[in-house]
>>> print(open('data-v1.pdb').read())   # PDB, C-alpha atoms
ATOM      1  CA  MET B   1       4.079  95.797  87.016
ATOM      2  CA  GLY B   2       5.000  92.628  88.824
ATOM      3  CA  VAL B   3       8.253  90.666  88.704
ATOM      4  CA  ARG B   4       6.752  88.138  86.320
ATOM      5  CA  GLU B   5       5.730  90.793  83.797
ATOM      6  CA  LYS B   6       9.162  92.442  84.030
ATOM      7  CA  LEU B   7      10.913  89.114  83.333
ATOM      8  CA  GLU B   8       8.654  88.470  80.307
ATOM      9  CA  LEU B   9       9.344  91.975  78.988
ATOM     10  CA  MET B  10      13.100  91.507  79.489
ATOM     11  CA  GLY B  11      12.921  88.165  77.683
ATOM     12  CA  LEU B  12      11.241  89.798  74.673
ATOM     13  CA  ARG B  13      13.853  92.557  74.605
ATOM     14  CA  SER B  14      16.666  89.967  74.749
ATOM     15  CA  LEU B  15      15.003  88.037  71.960
ATOM     16  CA  ARG B  16      14.715  91.209  69.853
ATOM     17  CA  VAL B  17      18.383  92.122  70.460
ATOM     18  CA  GLY B  18      19.416  88.576  69.607
ATOM     19  CA  LEU B  19      17.422  88.648  66.369
ATOM     20  CA  VAL B  20      18.899  91.994  65.327
ATOM     21  CA  LEU B  21      22.443  90.797  66.065
ATOM     22  CA  GLY B  22      21.770  87.581  64.156
ATOM     23  CA  LEU B  23      20.505  89.493  61.117
ATOM     24  CA  VAL B  24      23.557  91.755  61.203
ATOM     25  CA  ALA B  25      25.856  88.725  61.351
ATOM     26  CA  ILE B  26      24.061  87.102  58.411
ATOM     27  CA  SER B  27      24.305  90.314  56.379
ATOM     28  CA  VAL B  28      28.022  90.651  57.057
ATOM     29  CA  SER B  29      28.779  87.047  56.145
ATOM     30  CA  ALA B  30      26.639  87.274  52.991
ATOM     31  CA  ALA B  31      28.566  90.365  51.930
ATOM     32  CA  ALA B  32      31.861  88.581  52.530
ATOM     33  CA  CYS B  33      30.788  85.633  50.390
ATOM     34  CA  GLY B  34      30.677  86.058  46.690
ATOM     35  CA  ASN B  35      32.541  85.513  43.519
ATOM     36  CA  ASP B  36      36.294  85.633  44.178
ATOM     37  CA  GLU B  37      36.846  87.068  40.688
ATOM     38  CA  GLU B  38      34.812  90.114  41.669
ATOM     39  CA  ARG B  39      37.150  90.972  44.537
ATOM     40  CA  ASP B  40      39.891  93.411  43.722
ATOM     41  CA  VAL B  41      42.991  91.873  45.306
ATOM     42  CA  PRO B  42      46.098  93.919  44.467
ATOM     43  CA  GLY B  43      48.410  92.186  42.016
ATOM     44  CA  THR B  44      45.954  89.502  40.968
ATOM     45  CA  PRO B  45      46.032  89.048  37.198
ATOM     46  CA  GLN B  46      42.729  89.479  35.408
ATOM     47  CA  PRO B  47      41.416  85.935  34.796
ATOM     48  CA  ASP B  48      40.819  86.500  31.058
ATOM     49  CA  HIS B  49      44.323  87.922  30.619
ATOM     50  CA  ALA B  50      45.899  85.071  32.607
ATOM     51  CA  ARG B  51      44.143  82.487  30.397
ATOM     52  CA  ALA B  52      45.248  84.344  27.264
ATOM     53  CA  VAL B  53      48.892  84.438  28.425
ATOM     54  CA  GLU B  54      48.677  80.735  29.279
ATOM     55  CA  ARG B  55      47.623  80.060  25.669
ATOM     56  CA  ASN B  56      50.029  82.593  24.146
ATOM     57  CA  PRO B  57      53.011  83.638  26.304
ATOM     58  CA  TYR B  58      53.801  86.461  23.864
ATOM     59  CA  LEU B  59      50.886  88.347  25.480
ATOM     60  CA  VAL B  60      52.753  88.828  28.780
ATOM     61  CA  THR B  61      53.100  92.543  29.573
ATOM     62  CA  CYS B  62      55.492  94.729  31.517
ATOM     63  CA  GLY B  63      52.622  95.270  33.955
ATOM     64  CA  ASP B  64      52.541  91.512  34.586
ATOM     65  CA  LEU B  65      56.230  91.585  35.471
ATOM     66  CA  ALA B  66      55.750  94.612  37.735
ATOM     67  CA  ARG B  67      52.894  92.903  39.639
ATOM     68  CA  GLN B  68      54.879  89.762  40.517
ATOM     69  CA  PRO B  69      55.799  90.799  44.077
ATOM     70  CA  GLN B  70      52.164  91.628  44.846
ATOM     71  CA  HIS B  71      50.529  88.229  44.335
ATOM     72  CA  PRO B  72      51.590  84.594  43.818
ATOM     73  CA  ASP B  73      49.249  84.255  40.820
ATOM     74  CA  ALA B  74      51.041  87.145  39.103
ATOM     75  CA  GLU B  75      54.349  85.455  39.848
ATOM     76  CA  ARG B  76      53.082  82.137  38.465
ATOM     77  CA  LEU B  77      51.803  83.811  35.282
ATOM     78  CA  VAL B  78      55.256  85.273  34.517
ATOM     79  CA  ILE B  79      57.128  82.063  35.377
ATOM     80  CA  HIS B  80      54.883  80.009  33.089
ATOM     81  CA  ALA B  81      55.284  82.577  30.310
ATOM     82  CA  GLU B  82      59.089  82.748  30.583
ATOM     83  CA  PHE B  83      59.481  78.977  30.348
ATOM     84  CA  ALA B  84      56.921  78.687  27.556
ATOM     85  CA  LEU B  85      58.907  81.337  25.679
ATOM     86  CA  ALA B  86      62.132  79.391  26.350
ATOM     87  CA  GLN B  87      60.555  76.488  24.464
ATOM     88  CA  ASP B  88      59.941  78.634  21.394
ATOM     89  CA  PRO B  89      61.526  76.995  18.318
ATOM     90  CA  ALA B  90      63.573  80.187  17.809
ATOM     91  CA  LEU B  91      65.487  79.315  20.997
ATOM     92  CA  ARG B  92      66.080  75.627  20.203
ATOM     93  CA  LYS B  93      69.833  76.165  19.688
ATOM     94  CA  THR B  94      70.132  78.191  22.887
ATOM     95  CA  VAL B  95      68.365  75.471  24.888
ATOM     96  CA  ALA B  96      70.659  72.820  23.374
ATOM     97  CA  LYS B  97      73.736  74.872  24.241
ATOM     98  CA  GLU B  98      72.651  76.083  27.708
ATOM     99  CA  THR B  99      69.657  74.201  29.249
ATOM    100  CA  LEU B 100      65.934  74.861  29.255
ATOM    101  CA  ASN B 101      66.173  76.263  32.778
ATOM    102  CA  ARG B 102      69.034  78.638  31.969
ATOM    103  CA  THR B 103      67.278  79.713  28.748
ATOM    104  CA  GLY B 104      64.095  80.420  30.744
ATOM    105  CA  ARG B 105      66.097  82.518  33.199
ATOM    106  CA  SER B 106      67.707  84.340  30.272
ATOM    107  CA  VAL B 107      64.252  85.105  28.867
ATOM    108  CA  TYR B 108      63.222  86.480  32.260
ATOM    109  CA  TYR B 109      66.377  88.612  32.412
ATOM    110  CA  ALA B 110      65.590  89.975  28.941
ATOM    111  CA  LEU B 111      61.914  90.597  29.800
ATOM    112  CA  THR B 112      62.815  92.626  32.893
ATOM    113  CA  ALA B 113      65.576  94.591  31.133
ATOM    114  CA  ILE B 114      63.358  95.418  28.150
ATOM    115  CA  CYS B 115      60.505  96.529  30.428
ATOM    116  CA  LYS B 116      62.564  99.151  32.274
ATOM    117  CA  GLY B 117      60.957 102.513  31.611
ATOM    118  CA  ARG B 118      58.221 101.015  29.408
ATOM    119  CA  ASP B 119      54.482 101.357  29.657
ATOM    120  CA  PRO B 120      52.834  98.534  31.666
ATOM    121  CA  SER B 121      50.862  97.516  28.566
ATOM    122  CA  PHE B 122      54.029  96.921  26.498
ATOM    123  CA  LYS B 123      54.503  93.286  25.406
ATOM    124  CA  PRO B 124      58.234  92.495  25.729
ATOM    125  CA  ALA B 125      58.186  88.787  24.793
ATOM    126  CA  ARG B 126      59.121  89.023  21.108
ATOM    127  CA  PRO B 127      62.090  91.386  21.622
ATOM    128  CA  ALA B 128      63.164  89.305  24.646
ATOM    129  CA  VAL B 129      63.183  86.030  22.687
ATOM    130  CA  ASP B 130      65.059  87.710  19.842
ATOM    131  CA  ALA B 131      67.630  89.172  22.256
ATOM    132  CA  VAL B 132      68.222  85.799  23.951
ATOM    133  CA  ARG B 133      68.556  84.100  20.547
ATOM    134  CA  GLU B 134      71.133  86.737  19.572
ATOM    135  CA  GLY B 135      73.043  86.223  22.837
ATOM    136  CA  LYS B 136      72.356  89.714  24.231
ATOM    137  CA  TYR B 137      70.809  88.401  27.453
ATOM    138  CA  LEU B 138      72.121  85.220  29.027
ATOM    139  CA  ALA B 139      71.630  84.023  32.583
ATOM    140  CA  ALA B 140      74.833  83.770  34.593
ATOM    141  CA  ARG B 141      76.926  80.655  34.096
ATOM    142  CA  ASN B 142      78.533  78.608  36.841
ATOM    143  CA  ARG B 143      75.565  79.050  39.103
ATOM    144  CA  PRO B 144      73.020  76.403  40.001
ATOM    145  CA  GLY B 145      69.992  76.410  37.717
TER     146      GLY B 145
END
>>> encode(input="data-v1.pdb", output="structure tokens")
Amino acid sequence: MGVREKLELMGLRSLRVGLVLGLVAISVSAAACGNDEERDVPGTPQPDHARAVERNPYLVTCGDLARQPQHPDAERLVIHAEFALAQDPALRKTVAKETLNRTGRSVYYALTAICKGRDPSFKPARPAVDAVREGKYLAARNRPG
């Protein structure tokens, strides 16, 4: 086999290796692409549940509160729920006396206290709103916010 034939054979082998590596790269990138909702990222709220809580903050669960440190979307879900609950007509007098922000923080304080030792599926919003209305849970005074 002459030098020319060897170079042609080496060129075909290089081409084959390049094609195989290219196909592997395409397969890997195709596997990485996909629907973000299908990925299981720890702490991410289920999209259907997040939409339901957005419509009805009384659906927030103790599991939602527990997942807050794991993902910003879980944090956002709870923050939106606590301030939506603070705007509940049952807390109108509390908001007038305190502020909406302080009432929202009071709701959060009540939610976290009520969830201690509870099942993640427990919905603490109603007892939390009632407790804030009754003055059992109030955010600290003389602090900013």
>>> residues_around(input="data-v1.pdb", residues="Phe122 in chain B", least_positions_apart="3", cutoff="12 Å", atoms="all atoms listed in the file", output="ChimeraX atom specification")
/B:58-66,111-112,114-119,125-127
>>> write_last_selection(input="data-v1.pdb", atoms="C-alpha atoms", output="compact mmCIF listing (two decimals), in the frame of the given file")
# COMPACT_ATOMS: atom_id res chain seq x y z
CA TYR B 58 53.80 86.46 23.86
CA LEU B 59 50.89 88.35 25.48
CA VAL B 60 52.75 88.83 28.78
CA THR B 61 53.10 92.54 29.57
CA CYS B 62 55.49 94.73 31.52
CA GLY B 63 52.62 95.27 33.96
CA ASP B 64 52.54 91.51 34.59
CA LEU B 65 56.23 91.58 35.47
CA ALA B 66 55.75 94.61 37.74
CA LEU B 111 61.91 90.60 29.80
CA THR B 112 62.82 92.63 32.89
CA ILE B 114 63.36 95.42 28.15
CA CYS B 115 60.50 96.53 30.43
CA LYS B 116 62.56 99.15 32.27
CA GLY B 117 60.96 102.51 31.61
CA ARG B 118 58.22 101.02 29.41
CA ASP B 119 54.48 101.36 29.66
CA ALA B 125 58.19 88.79 24.79
CA ARG B 126 59.12 89.02 21.11
CA PRO B 127 62.09 91.39 21.62
>>> atom_distance(input="data-v1.pdb", atom1="CA of Thr44 in chain B", atom2="CA of Ala86 in chain B")
24.0 Å
>>> resolve_selection(input="data-v1.pdb", expression="the PyMOL selection byres ((chain B and resi 69-72) around 10)", output="compact mmCIF listing (two decimals) with C-alpha atoms, keeping the file's coordinate frame")
# COMPACT_ATOMS: atom_id res chain seq x y z
CA VAL B 41 42.99 91.87 45.31
CA PRO B 42 46.10 93.92 44.47
CA GLY B 43 48.41 92.19 42.02
CA THR B 44 45.95 89.50 40.97
CA PRO B 45 46.03 89.05 37.20
CA LEU B 65 56.23 91.58 35.47
CA ALA B 66 55.75 94.61 37.74
CA ARG B 67 52.89 92.90 39.64
CA GLN B 68 54.88 89.76 40.52
CA ASP B 73 49.25 84.26 40.82
CA ALA B 74 51.04 87.14 39.10
CA GLU B 75 54.35 85.46 39.85
CA ARG B 76 53.08 82.14 38.47
CA LEU B 77 51.80 83.81 35.28
>>> resolve_selection(input="data-v1.pdb", expression="the PyMOL selection byres ((chain B and resi 96-100) around 9)", output="list in words")
Phe83, Ala86, Gln87, Leu91, Arg92, Lys93, Thr94, Val95, Asn101, Arg102, Thr103, Gly104, Arg105, Arg141 and Gly145 of chain B
>>> atom_distance(input="data-v1.pdb", atom1="CA of Pro124 in chain B", atom2="CA of Arg51 in chain B")
17.9 Å
>>> closest_residue(input="data-v1.pdb", among="B:Val53, B:Ser106, B:Glu134, B:Lys123", to="Ala81 in chain B", atoms="only C-alpha atoms")
B:Val53
>>> axis_aligned_box(input="data-v1.pdb", around="range 115-121 of chain B", padding_each_side="6 Å", output="JSON")
{"center_x": 56.7, "center_y": 99.5, "center_z": 30.4, "size_x": 23.7, "size_y": 18.0, "size_z": 15.7}
>>> atom_distance(input="data-v1.pdb", atom1="CA of Ala50 in chain B", atom2="CA of Ala131 in chain B")
24.4 Å
